[in-house]
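J.: One structure follows; several queries about it will come next.
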Amino acid sequence: MSSAWTCDGCGVPNIDRASCEACGTSSPTATGADLARTALKDAAAARAAQVEEAARGNHRLADHLGSVTDAHLDDALAMRRLGIA
């Protein structure tokens, strides 16, 4: 997905994402593969933030970001298992 769109749910502009970064609403033109790629990108970003926060000594936030990473990976995996992506 390589286009800009404004979320119908919350009005936030998004670029190169299949779902809204603020509220998670899917782009009206997103495919399952697009959504899976966005979920994997979000998982990578959450993991990078987790490592950074752990290095800062903020272990409570790092633990939470681990859960966020897992949730994004679960989304991508579910789409693949369902044959959507």
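Every chain in the structure tokens takes a letter, A first, then B, and so on in the order presented; its residues are numbered from 1, and the ligands are numbered from 1 following the presented order.
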Give me, as a list in words, all polymer residues having an atom no more than 9 Å from region 51-54 of chain A, counting only C-alpha atoms and skipping those fewer than 6 positions away in the same chain.
T.: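 Neighbouring residues, sequence-local ones excluded: Arg60, Leu61, Ala62, Asp63 and Leu65 of chain A.
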J.: Using DSSP assignments from the backbone, pull out every residue in chain A that falls under helix (DSSP H, G or I) and give it to me as a ChimeraX atom specification.
T.: /A:32-56,59-81
J.: Go through A:Ala55, A:Leu77, A:Ala4, A:Val12 one by one, measure the shortest atom-to-atom distance of each to Ala30 (chain A) using only C-alpha atoms, and give the residue with the smallest value.
T.: A:Ala4
J.: Choose the residue, out of A:Asp16, A:Arg81, A:Thr69, A:Ala22, that has the smallest atom-to-atom separation from Thr38 (chain A); count only C-alpha atoms.
T.: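 Of all the options, A:Asp16 lies closest to Thr38 (chain A).
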J.: Got a sec: who's within 12 Å of Asp34 (chain A), counting only C-alpha atoms, leaving out chain neighbours fewer than 5 positions off, as a PyMOL selection string?
T.: chain A and resi 1-3+16-19+26-29+39-41+76+79-80+84-85
J.: DSSP on the backbone, then: every residue of chain A marked strand (DSSP E), written as a VMD selection string.
T.: chain A and resid 4 to 6 13 to 15
J.: Dump N, CA, C and O atoms for the selected residues as an mmCIF file, in the first residue's frame?
T.:
```cif
data_model
loop_
_atom_site.group_PDB
_atom_site.id
_atom_site.type_symbol
_atom_site.label_atom_id
_atom_site.label_comp_id
_atom_site.auth_asym_id
_atom_site.auth_seq_id
_atom_site.Cartn_x
_atom_site.Cartn_y
_atom_site.Cartn_z
ATOM 1 N N ALA A 4 -1.787 7.796 0.414
ATOM 2 C CA ALA A 4 -2.253 8.518 1.593
ATOM 3 C C ALA A 4 -3.776 8.427 1.639
ATOM 4 O O ALA A 4 -4.440 8.428 0.610
ATOM 5 N N TRP A 5 -4.325 8.332 2.824
ATOM 6 C CA TRP A 5 -5.765 8.299 3.000
ATOM 7 C C TRP A 5 -6.103 8.847 4.385
ATOM 8 O O TRP A 5 -5.303 8.813 5.293
ATOM 9 N N THR A 6 -7.287 9.371 4.507
ATOM 10 C CA THR A 6 -7.761 9.895 5.780
ATOM 11 C C THR A 6 -8.769 8.902 6.347
ATOM 12 O O THR A 6 -9.691 8.473 5.660
ATOM 13 N N PRO A 13 -4.912 11.453 9.183
ATOM 14 C CA PRO A 13 -4.295 11.096 7.904
ATOM 15 C C PRO A 13 -3.278 9.965 8.086
ATOM 16 O O PRO A 13 -2.584 9.907 9.096
ATOM 17 N N ASN A 14 -3.213 9.067 7.130
ATOM 18 C CA ASN A 14 -2.294 7.933 7.166
ATOM 19 C C ASN A 14 -1.586 7.825 5.820
ATOM 20 O O ASN A 14 -2.182 8.063 4.782
ATOM 21 N N ILE A 15 -0.328 7.445 5.870
ATOM 22 C CA ILE A 15 0.462 7.263 4.652
ATOM 23 C C ILE A 15 1.117 5.888 4.717
ATOM 24 O O ILE A 15 1.711 5.522 5.728
#
```
J.: Name the closest residue to Asp75 (chain A) among the candidates A:Ala36, A:Gly24, A:Gly57, A:Cys7; distances are taken between atoms, counting only C-alpha atoms.
T.: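 Closest to Asp75 (chain A), using only C-alpha atoms: A:Ala36.
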J.: What's the separation between CA of Cys10 (chain A) and CA of Thr31 (chain A), in Å to one decimal place?
T.: 20.3 Å
